[in-house]
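A.B. asks: This structure is in structure tokens; I'll ask about it shortly.
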Amino acid sequence: MFLDPAAPALVDPFGRAITYIRVSVTDRCDFRCVYCMSEDMNFLPKRDLLTLEELDRLCSAFVARGTKKIRITGGEPLVRRDIMTLFRSLSRHLQSGALEELNVTTNGSQLARYAGELADCGVRRINVSLDTLDDAKFKAITRWGDLSKVMQGIDAAQKAGLAIKINAVALKGVNDDEFPRLIEWAHGRGMDLTFIEVMPLGDVEAARVDQYVPLNQVRADLLDRYTLEDIDYQTGGPARYVRVKETGGRLGFITPLTHNFCEGCNRVRVTCTGTLYMCLGQEDAADLRTPLRSSESDGPLLAAMEGAIARKPKGHDFVIDRVTKNPAVGRHMSVTGG
Ligand code: SAM
Ligand code: SF4
């Protein structure tokens with residue numbers, strides 16, 4: 001695609017420029033984390049998925065309209081067959097300077113195999129989701145995961161020179177006794193760490209209210225042990241960061257429930273079927289697959305993207321309490337992409 005430097009950026013009705021897309025390349029995963037999926041998930045038929053070439057075209061259309069950062073996510077992105085083809089083709093936008101960052105969020109299970117190739121494709125930073133350092137708890141949380149494989153993946157990624165941010169979902173009665181240990185471990189290895197509040201997305205077996213730990217409480221508890229210094233660090237995502245004085249490392253908090261982060265929202269999400277969600281916490285969506293497939297020119301696709309951004313909502317309003325029984329939105333995080 002010809003990238004026109006004069007093409008207008010995508011700006012929503014609230015004046016927020018959309019410069020960041022998260023692309024879920026598969027809804028499948030080799031784990032079944034208790035807060036993310038139910039044990040017996042129904043996955044999309046493969047014929048509904050965009051091909052890797054179509055995903056490239058779609059991402060490139062966003063880059064042509066001002067996207068500076070792309071995060072590849074899922075499901076587990078690294079279990080999609082031939083996924084490195086997509087990273088390799090998107091890396092041309094890094095080389096041209098049109099794209100500033102190409103990242104991935106992964107559960108780490110396949111990293112030992114792919115870390116070197118990711119680095120070769122120009123990926124500089126990755127997010128690895130890891131909620132515990134305890135083998136048995138890891139098994140209980142992920143149902144199918146193997147902690148030692150993830151650790152091998154983290155070793156390989158560091159060896160390949162990738163900067164790592166660890167994402168840990170705070171889970172009541174599961175890992176809420178482990179936060180200092182996670183901090184010391186991540187910072188000891190030179191990695192950032194971010195805690196995430198569990199969000200009410202999709203039906204899972206457990207009650208959300210039994211999983212949810214408010215992070216303002218976690219932060220208050222950490223103050224008994226650490227000095228948390230506010231810093232101005234921004235990654236373009238929703239986390240707010242502090243520096244832990246004792247470890248020297250960065251600690252982020254993603255608080256969709258206790259502190260709504262929508263005002264600075266610069267991102268949208270695309271699923272593996274080409275559905276564009278303008279907000280993680282709202283149902284409204286736009287079909288990009290039909291315009292993408294309707295024409296070899298990108299005109300219909302660009303028009304559909306513009307129409308969708310023009311109705312990006314102001315924000316979400318998640319609630320977790322004993323009264324609100326249904327999830328805020330029916331789709332799982334693995335569909336929309338984390
Ligand atoms: N499989 C990859 C992984 O686990 O990193 C990428 C996709 S996963 C859906 C992205 C992130 O979403 C992970 O950090 C995961 O912990 C988080 N996540 C999944 N379900 C969530 C929920 N209900 N609330 C908060 N975070 C969730
Ligand atoms: Fe898979 Fe990631 Fe969801 Fe866990 S959080 S089930 S690893 S998609």
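Just remember, in the structure tokens the first chain shown is A, the second B, etc., residues are 1-based per chain, and ligands are 1-based in the order shown.
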For stretch 20-29 of chain A, list every protein, DNA or RNA residue within 8 Å, evaluated using only C-alpha atoms, and leave out those in the same chain fewer than 3 positions away; present the list as a ChimeraX atom specification.

C.D. replies: /A:32,43-44,49,55,62,67-77,79-80,236,266-272,334-338

A.B. asks: With N, CA, C and O atoms retained, could you export that selection as a CSV table (one decimal), in the first residue's frame?

C.D. replies:
```
chain,number,residue,atom,x,y,z
A,32,ARG,N,-5.8,-22.1,29.5
A,32,ARG,CA,-7.2,-21.8,29.8
A,32,ARG,C,-7.2,-21.0,31.1
A,32,ARG,O,-7.8,-21.5,32.1
A,43,PHE,N,-14.4,-22.2,19.9
A,43,PHE,CA,-13.6,-21.3,19.1
A,43,PHE,C,-14.2,-21.0,17.8
A,43,PHE,O,-15.0,-21.8,17.3
A,44,LEU,N,-13.8,-20.0,17.1
A,44,LEU,CA,-14.3,-19.6,15.8
A,44,LEU,C,-13.8,-20.7,14.8
A,44,LEU,O,-12.7,-21.2,14.9
A,49,LEU,N,-11.5,-16.7,10.0
A,49,LEU,CA,-10.4,-15.9,10.3
A,49,LEU,C,-9.9,-15.1,9.1
A,49,LEU,O,-9.9,-15.6,8.0
A,55,LEU,N,-4.6,-9.8,7.4
A,55,LEU,CA,-4.2,-9.0,8.6
A,55,LEU,C,-3.2,-8.0,8.3
A,55,LEU,O,-3.2,-6.9,8.8
A,62,PHE,N,-4.2,0.9,8.7
A,62,PHE,CA,-4.2,1.7,9.9
A,62,PHE,C,-2.9,2.5,9.9
A,62,PHE,O,-2.9,3.7,10.3
A,67,THR,N,-1.5,5.2,12.5
A,67,THR,CA,-1.1,4.3,13.6
A,67,THR,C,0.4,4.2,13.7
A,67,THR,O,1.1,4.0,12.8
A,68,LYS,N,0.8,4.4,15.0
A,68,LYS,CA,2.3,4.4,15.3
A,68,LYS,C,2.7,3.1,16.0
A,68,LYS,O,3.9,2.8,16.1
A,69,LYS,N,1.7,2.5,16.6
A,69,LYS,CA,2.1,1.3,17.5
A,69,LYS,C,1.1,0.2,17.2
A,69,LYS,O,-0.2,0.4,17.2
A,70,ILE,N,1.6,-1.0,17.0
A,70,ILE,CA,0.7,-2.2,16.8
A,70,ILE,C,1.1,-3.2,17.8
A,70,ILE,O,2.3,-3.5,18.0
A,71,ARG,N,0.2,-3.7,18.5
A,71,ARG,CA,0.4,-4.8,19.5
A,71,ARG,C,-0.3,-6.1,18.9
A,71,ARG,O,-1.5,-6.0,18.7
A,72,ILE,N,0.4,-7.1,18.7
A,72,ILE,CA,-0.1,-8.4,18.3
A,72,ILE,C,-0.5,-9.2,19.5
A,72,ILE,O,0.4,-9.4,20.4
A,73,THR,N,-1.8,-9.6,19.6
A,73,THR,CA,-2.2,-10.3,20.8
A,73,THR,C,-3.2,-11.4,20.4
A,73,THR,O,-3.2,-11.8,19.2
A,74,GLY,N,-3.9,-11.9,21.4
A,74,GLY,CA,-4.9,-13.0,21.0
A,74,GLY,C,-5.9,-13.1,22.1
A,74,GLY,O,-6.1,-12.1,22.9
A,75,GLY,N,-6.3,-14.3,22.3
A,75,GLY,CA,-5.8,-15.6,22.4
A,75,GLY,C,-4.3,-15.6,22.5
A,75,GLY,O,-3.7,-14.6,22.9
A,76,GLU,N,-3.6,-16.7,22.2
A,76,GLU,CA,-2.2,-16.7,22.3
A,76,GLU,C,-1.6,-16.5,20.8
A,76,GLU,O,-1.7,-17.4,20.0
A,77,PRO,N,-1.1,-15.3,20.6
A,77,PRO,CA,-0.7,-15.0,19.2
A,77,PRO,C,0.4,-16.0,18.6
A,77,PRO,O,0.4,-16.3,17.4
A,79,VAL,N,0.7,-19.1,19.0
A,79,VAL,CA,0.2,-20.4,18.5
A,79,VAL,C,-0.4,-20.4,17.1
A,79,VAL,O,-0.7,-21.4,16.6
A,80,ARG,N,-0.6,-19.2,16.6
A,80,ARG,CA,-1.2,-19.2,15.2
A,80,ARG,C,-0.1,-19.6,14.2
A,80,ARG,O,1.0,-19.1,14.2
A,236,GLY,N,2.1,4.5,26.2
A,236,GLY,CA,1.0,4.6,25.2
A,236,GLY,C,-0.2,3.7,25.6
A,236,GLY,O,-1.2,3.7,25.0
A,266,ASN,N,-6.2,6.1,23.2
A,266,ASN,CA,-5.7,6.4,21.9
A,266,ASN,C,-5.8,5.1,21.0
A,266,ASN,O,-5.1,5.0,20.0
A,267,ARG,N,-6.5,4.1,21.5
A,267,ARG,CA,-6.4,2.8,20.8
A,267,ARG,C,-7.8,2.2,20.5
A,267,ARG,O,-8.8,2.5,21.1
A,268,VAL,N,-7.7,1.3,19.5
A,268,VAL,CA,-8.8,0.4,19.2
A,268,VAL,C,-8.3,-1.0,19.0
A,268,VAL,O,-7.1,-1.2,19.0
A,269,ARG,N,-9.3,-1.9,18.9
A,269,ARG,CA,-8.9,-3.4,18.9
A,269,ARG,C,-9.5,-4.0,17.7
A,269,ARG,O,-10.7,-3.7,17.4
A,270,VAL,N,-8.8,-4.9,17.0
A,270,VAL,CA,-9.3,-5.6,15.9
A,270,VAL,C,-9.2,-7.1,16.2
A,270,VAL,O,-8.2,-7.6,16.7
A,271,THR,N,-10.3,-7.8,15.9
A,271,THR,CA,-10.2,-9.3,16.2
A,271,THR,C,-9.7,-10.0,15.0
A,271,THR,O,-9.6,-9.4,13.9
A,272,CYS,N,-9.5,-11.3,15.2
A,272,CYS,CA,-9.0,-12.1,14.1
A,272,CYS,C,-10.0,-12.3,12.9
A,272,CYS,O,-9.6,-12.8,11.9
A,334,SER,N,-10.0,-13.0,25.3
A,334,SER,CA,-9.3,-13.7,24.3
A,334,SER,C,-9.8,-13.4,22.9
A,334,SER,O,-9.1,-13.7,21.9
A,335,VAL,N,-11.0,-12.9,22.8
A,335,VAL,CA,-11.6,-12.6,21.5
A,335,VAL,C,-11.2,-11.2,21.1
A,335,VAL,O,-10.7,-10.9,20.0
A,336,THR,N,-11.4,-10.2,22.1
A,336,THR,CA,-11.1,-8.8,21.8
A,336,THR,C,-9.6,-8.6,21.7
A,336,THR,O,-9.1,-7.7,21.0
A,337,GLY,N,-8.8,-9.4,22.5
A,337,GLY,CA,-7.4,-9.2,22.6
A,337,GLY,C,-7.0,-8.2,23.7
A,337,GLY,O,-7.5,-7.2,23.9
A,338,GLY,N,-6.0,-8.7,24.5
A,338,GLY,CA,-5.6,-7.9,25.7
A,338,GLY,C,-4.6,-6.8,25.4
A,338,GLY,O,-4.1,-6.8,24.3
```

A.B. asks: Residues within 9 Å of ligand 1 (only C-alpha atoms and all ligand atoms), as a PyMOL selection string?

C.D. replies: chain A and resi 24+27-31+33-37+72-78+104-108+127-131+166-170+196-202+204+208+256+332-338

A.B. asks: With C-alpha atoms kept, could you save the residues just selected as a PDB file, in the first residue's frame?

C.D. replies:
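Written file, out_30.pdb:
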```
ATOM      1  CA  SER A  24      -5.935 -10.318  18.034  1.00  0.00           C
ATOM      2  CA  ASP A  27      -8.976 -16.533  19.644  1.00  0.00           C
ATOM      3  CA  ARG A  28      -7.300 -19.865  20.445  1.00  0.00           C
ATOM      4  CA  CYS A  29      -4.822 -20.520  23.202  1.00  0.00           C
ATOM      5  CA  ASP A  30      -2.730 -23.294  24.697  1.00  0.00           C
ATOM      6  CA  PHE A  31      -3.737 -22.152  28.213  1.00  0.00           C
ATOM      7  CA  CYS A  33      -6.594 -19.067  32.449  1.00  0.00           C
ATOM      8  CA  VAL A  34      -9.450 -19.089  34.930  1.00  0.00           C
ATOM      9  CA  TYR A  35     -10.181 -15.355  34.627  1.00  0.00           C
ATOM     10  CA  CYS A  36      -9.967 -15.339  30.828  1.00  0.00           C
ATOM     11  CA  MET A  37     -11.583 -18.505  29.504  1.00  0.00           C
ATOM     12  CA  ILE A  72      -0.142  -8.383  18.262  1.00  0.00           C
ATOM     13  CA  THR A  73      -2.185 -10.325  20.776  1.00  0.00           C
ATOM     14  CA  GLY A  74      -4.851 -13.014  21.048  1.00  0.00           C
ATOM     15  CA  GLY A  75      -5.787 -15.637  22.358  1.00  0.00           C
ATOM     16  CA  GLU A  76      -2.169 -16.726  22.256  1.00  0.00           C
ATOM     17  CA  PRO A  77      -0.678 -15.039  19.181  1.00  0.00           C
ATOM     18  CA  LEU A  78       2.358 -17.296  19.011  1.00  0.00           C
ATOM     19  CA  VAL A 104       3.408  -8.645  21.230  1.00  0.00           C
ATOM     20  CA  THR A 105       1.533  -9.809  24.309  1.00  0.00           C
ATOM     21  CA  THR A 106       2.134 -13.481  24.997  1.00  0.00           C
ATOM     22  CA  ASN A 107       1.730 -16.097  27.673  1.00  0.00           C
ATOM     23  CA  GLY A 108       5.385 -17.014  27.022  1.00  0.00           C
ATOM     24  CA  ASN A 127       4.572  -8.256  27.373  1.00  0.00           C
ATOM     25  CA  VAL A 128       4.597 -11.616  29.085  1.00  0.00           C
ATOM     26  CA  SER A 129       1.586 -12.505  31.224  1.00  0.00           C
ATOM     27  CA  LEU A 130       2.593 -14.258  34.405  1.00  0.00           C
ATOM     28  CA  ASP A 131       0.504 -14.148  37.566  1.00  0.00           C
ATOM     29  CA  ILE A 166       5.442  -8.794  33.065  1.00  0.00           C
ATOM     30  CA  ASN A 167       1.660  -8.465  33.382  1.00  0.00           C
ATOM     31  CA  ALA A 168       0.062 -10.026  36.434  1.00  0.00           C
ATOM     32  CA  VAL A 169      -3.689 -10.064  37.042  1.00  0.00           C
ATOM     33  CA  ALA A 170      -4.390  -9.553  40.750  1.00  0.00           C
ATOM     34  CA  ILE A 196      -4.032  -5.572  36.340  1.00  0.00           C
ATOM     35  CA  GLU A 197      -7.482  -5.544  37.893  1.00  0.00           C
ATOM     36  CA  VAL A 198      -9.624  -8.428  36.719  1.00  0.00           C
ATOM     37  CA  MET A 199     -12.295  -7.223  34.287  1.00  0.00           C
ATOM     38  CA  PRO A 200     -15.802  -8.629  33.848  1.00  0.00           C
ATOM     39  CA  LEU A 201     -15.352  -9.867  30.271  1.00  0.00           C
ATOM     40  CA  GLY A 202     -17.127 -13.038  29.196  1.00  0.00           C
ATOM     41  CA  VAL A 204     -15.979 -17.914  33.179  1.00  0.00           C
ATOM     42  CA  ARG A 208     -15.816 -12.209  39.288  1.00  0.00           C
ATOM     43  CA  PRO A 256     -10.123  -0.210  34.732  1.00  0.00           C
ATOM     44  CA  HIS A 332     -13.990 -12.948  26.431  1.00  0.00           C
ATOM     45  CA  MET A 333     -10.732 -10.997  26.569  1.00  0.00           C
ATOM     46  CA  SER A 334      -9.252 -13.677  24.311  1.00  0.00           C
ATOM     47  CA  VAL A 335     -11.615 -12.571  21.539  1.00  0.00           C
ATOM     48  CA  THR A 336     -11.070  -8.834  21.753  1.00  0.00           C
ATOM     49  CA  GLY A 337      -7.390  -9.175  22.592  1.00  0.00           C
ATOM     50  CA  GLY A 338      -5.643  -7.915  25.735  1.00  0.00           C
TER      51      GLY A 338
END
```

A.B. asks: So the first atom is atom CA of A:Arg124 and the second is atom CA of A:Arg240; what is the distance between them in Å, to one decimal place?

C.D. replies: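 Between these atoms lies a distance of 20.7 Å.
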
A.B. asks: Identify which of the residues A:Asp120, A:Asp135, A:Asp232, A:Asp146 lies closest to ligand 2, counting only C-alpha atoms and all ligand atoms when measuring atom-to-atom distances.

C.D. replies: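 Smallest separation from ligand 2 among the options: A:Asp146.
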
A.B. asks: In Å, with one decimal, what is the gap from atom CA of A:Gly249 to atom CA of A:Gly264?

C.D. replies: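 Atom CA of A:Gly249 sits 24.5 Å away from atom CA of A:Gly264.
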
A.B. asks: Which residues, written as a CSV table (one decimal) with N, CA and C atoms, in the first residue's frame, have at least one atom at most 12 Å from A:Phe179, with only C-alpha atoms counted and residues fewer than 5 positions away on the same chain left out?

C.D. replies:
```csv
chain,number,residue,atom,x,y,z
A,130,LEU,N,2.2,-13.3,33.4
A,130,LEU,CA,2.6,-14.3,34.4
A,130,LEU,C,2.1,-13.8,35.8
A,131,ASP,N,1.2,-14.6,36.4
A,131,ASP,CA,0.5,-14.1,37.6
A,131,ASP,C,1.1,-14.7,38.8
A,132,THR,N,2.0,-15.7,38.7
A,132,THR,CA,2.6,-16.3,39.9
A,132,THR,C,3.9,-16.9,39.6
A,133,LEU,N,4.7,-17.1,40.6
A,133,LEU,CA,6.0,-17.8,40.5
A,133,LEU,C,6.0,-19.2,41.1
A,167,ASN,N,3.0,-8.8,33.0
A,167,ASN,CA,1.7,-8.5,33.4
A,167,ASN,C,1.1,-9.5,34.3
A,168,ALA,N,0.6,-9.1,35.5
A,168,ALA,CA,0.1,-10.0,36.4
A,168,ALA,C,-1.3,-9.5,36.8
A,169,VAL,N,-2.3,-10.4,36.6
A,169,VAL,CA,-3.7,-10.1,37.0
A,169,VAL,C,-3.8,-10.3,38.5
A,170,ALA,N,-4.3,-9.4,39.3
A,170,ALA,CA,-4.4,-9.6,40.7
A,170,ALA,C,-5.6,-10.4,41.0
A,171,LEU,N,-5.4,-11.5,41.7
A,171,LEU,CA,-6.5,-12.5,42.0
A,171,LEU,C,-6.6,-12.8,43.5
A,172,LYS,N,-7.8,-12.5,43.9
A,172,LYS,CA,-8.0,-12.6,45.4
A,172,LYS,C,-7.8,-14.0,45.9
A,173,GLY,N,-7.0,-14.2,46.9
A,173,GLY,CA,-6.8,-15.5,47.5
A,173,GLY,C,-6.0,-16.4,46.7
A,174,VAL,N,-5.4,-15.9,45.6
A,174,VAL,CA,-4.6,-16.8,44.7
A,174,VAL,C,-3.2,-16.2,44.7
A,184,GLU,N,10.1,-8.2,43.4
A,184,GLU,CA,11.6,-8.4,43.6
A,184,GLU,C,12.1,-9.3,42.4
A,185,TRP,N,11.4,-10.3,42.0
A,185,TRP,CA,11.8,-11.1,40.9
A,185,TRP,C,11.9,-10.3,39.6
A,186,ALA,N,10.8,-9.6,39.3
A,186,ALA,CA,10.8,-8.9,38.0
A,186,ALA,C,11.9,-7.8,38.0
A,193,LEU,N,7.1,-4.5,35.8
A,193,LEU,CA,5.9,-5.3,36.2
A,193,LEU,C,4.7,-4.5,36.3
A,194,THR,N,3.6,-5.0,35.8
A,194,THR,CA,2.3,-4.3,35.9
A,194,THR,C,1.2,-5.2,36.5
A,195,PHE,N,0.5,-4.7,37.5
A,195,PHE,CA,-0.6,-5.4,38.0
A,195,PHE,C,-1.9,-4.9,37.3
A,196,ILE,N,-2.8,-5.9,37.1
A,196,ILE,CA,-4.0,-5.6,36.3
A,196,ILE,C,-5.2,-6.0,37.2
A,215,LEU,N,-6.9,-2.5,43.0
A,215,LEU,CA,-5.5,-2.2,43.1
A,215,LEU,C,-5.2,-1.0,44.0
A,218,VAL,N,-4.1,-2.8,46.9
A,218,VAL,CA,-2.7,-3.4,46.8
A,218,VAL,C,-1.7,-2.3,46.9
A,219,ARG,N,-1.9,-1.2,46.3
A,219,ARG,CA,-0.9,-0.1,46.4
A,219,ARG,C,-0.7,0.4,47.8
A,221,ASP,N,-1.2,-1.4,50.5
A,221,ASP,CA,-0.5,-2.4,51.3
A,221,ASP,C,1.0,-2.4,50.9
A,222,LEU,N,1.4,-2.1,49.7
A,222,LEU,CA,2.8,-2.1,49.3
A,222,LEU,C,3.5,-1.0,50.0
A,225,ARG,N,5.8,-1.6,52.9
A,225,ARG,CA,7.1,-2.2,52.6
A,225,ARG,C,8.0,-1.4,51.7
A,226,TYR,N,7.4,-0.7,50.8
A,226,TYR,CA,8.2,0.0,49.8
A,226,TYR,C,7.9,1.5,49.7
A,251,LEU,N,6.9,-0.1,38.3
A,251,LEU,CA,5.7,-0.9,38.7
A,251,LEU,C,4.5,-0.1,38.1
```

A.B. asks: One decimal, Å: what's the distance from atom CA of A:Cys59 over to atom CA of A:Gly116, could you say?

C.D. replies: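 Value for the atom CA of A:Cys59-atom CA of A:Gly116 distance: 22.8 Å.
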
A.B. asks: DSSP on the backbone: which residues in stretch 14-216 of chain A end up as helix (DSSP H, G or I)? Give the answer as a PyMOL selection string.

C.D. replies: chain A and resi 46-48+52-64+77-79+83-96+111-120+135-142+147-159+179-188+208-211+215-216

A.B. asks: From a DSSP pass on the backbone, collect the residues of stretch 20-255 of chain A flagged as strand (DSSP E or B) and hand them back as a VMD selection string.

C.D. replies: chain A and resid 20 to 24 69 to 73 101 to 106 125 to 129 163 to 169 171 192 to 196 201 212 228 to 230 240 to 244 250 to 254

A.B. asks: Go ahead and write the residues just picked, C-alpha atoms, as a CSV table (one decimal), in the first residue's frame.

C.D. replies:
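Result went into part-v4.csv, see below:
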```
chain,number,residue,atom,x,y,z
A,20,TYR,CA,-2.4,2.5,18.6
A,21,ILE,CA,-4.1,-0.8,17.4
A,22,ARG,CA,-4.2,-4.1,19.2
A,23,VAL,CA,-4.7,-7.0,16.8
A,24,SER,CA,-5.9,-10.3,18.0
A,69,LYS,CA,2.1,1.3,17.5
A,70,ILE,CA,0.7,-2.2,16.8
A,71,ARG,CA,0.4,-4.8,19.5
A,72,ILE,CA,-0.1,-8.4,18.3
A,73,THR,CA,-2.2,-10.3,20.8
A,101,GLU,CA,6.6,0.1,17.6
A,102,LEU,CA,5.6,-3.5,16.9
A,103,ASN,CA,4.9,-5.4,20.1
A,104,VAL,CA,3.4,-8.6,21.2
A,105,THR,CA,1.5,-9.8,24.3
A,106,THR,CA,2.1,-13.5,25.0
A,125,ARG,CA,9.5,-4.9,23.8
A,126,ILE,CA,7.2,-7.7,24.7
A,127,ASN,CA,4.6,-8.3,27.4
A,128,VAL,CA,4.6,-11.6,29.1
A,129,SER,CA,1.6,-12.5,31.2
A,163,ALA,CA,12.8,-5.7,26.9
A,164,ILE,CA,10.1,-7.5,28.9
A,165,LYS,CA,7.1,-6.2,30.9
A,166,ILE,CA,5.4,-8.8,33.1
A,167,ASN,CA,1.7,-8.5,33.4
A,168,ALA,CA,0.1,-10.0,36.4
A,169,VAL,CA,-3.7,-10.1,37.0
A,171,LEU,CA,-6.5,-12.5,42.0
A,192,ASP,CA,9.0,-3.9,34.4
A,193,LEU,CA,5.9,-5.3,36.2
A,194,THR,CA,2.3,-4.3,35.9
A,195,PHE,CA,-0.6,-5.4,38.0
A,196,ILE,CA,-4.0,-5.6,36.3
A,201,LEU,CA,-15.4,-9.9,30.3
A,212,TYR,CA,-11.4,-9.2,42.1
A,228,LEU,CA,6.6,4.2,45.6
A,229,GLU,CA,7.7,7.3,43.7
A,230,ASP,CA,5.4,8.7,41.0
A,240,ARG,CA,0.2,4.3,35.5
A,241,TYR,CA,3.7,3.8,36.7
A,242,VAL,CA,5.7,4.3,39.9
A,243,ARG,CA,9.3,3.6,40.7
A,244,VAL,CA,9.9,1.3,43.6
A,250,ARG,CA,9.1,0.3,37.4
A,251,LEU,CA,5.7,-0.9,38.7
A,252,GLY,CA,2.5,-0.2,36.7
A,253,PHE,CA,-1.1,-0.4,37.7
A,254,ILE,CA,-3.9,-1.0,35.2
```

A.B. asks: Counting only C-alpha atoms, give me one row per residue of stretch 27-70 of chain A with an atom at most 8 Å from an atom of stretch 289-299 of chain A, showing the shortest contact pair and its distance in Å to one decimal, sorted by chain then residue number, as a tab-separated table.

C.D. replies:
```
residue	atom	partner	partner_atom	distance
A:Leu50	CA	A:Arg289	CA	7.5
A:Glu54	CA	A:Leu292	CA	7.8
A:Leu58	CA	A:Leu292	CA	7.6
A:Ala61	CA	A:Asp298	CA	7.4
```

A.B. asks: Which residue out of A:Ala157, A:Thr255, A:Thr142, A:Ala115 has the minimum interatomic distance to A:Gln217 when only C-alpha atoms are used?

C.D. replies: A:Thr255

A.B. asks: I'd like to know which of A:Gln211, A:Thr227, A:Thr247, A:Gln234 is closest to A:Met191, using only C-alpha atoms.

C.D. replies: A:Thr247

A.B. asks: Counting only C-alpha atoms and all ligand atoms, figure out which residue out of A:Thr51, A:Pro13, A:Leu288, A:Leu147 gets nearest to ligand 2.

C.D. replies: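 Smallest separation from ligand 2 among the options: A:Leu147.
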
A.B. asks: Measuring between only C-alpha atoms and all ligand atoms, which one of A:Arg143, A:Arg16, A:His93, A:Arg189 shows the shortest distance to ligand 2?

C.D. replies: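 Ranking A:Arg143, A:Arg16, A:His93, A:Arg189 by distance to ligand 2, first place goes to A:Arg143.
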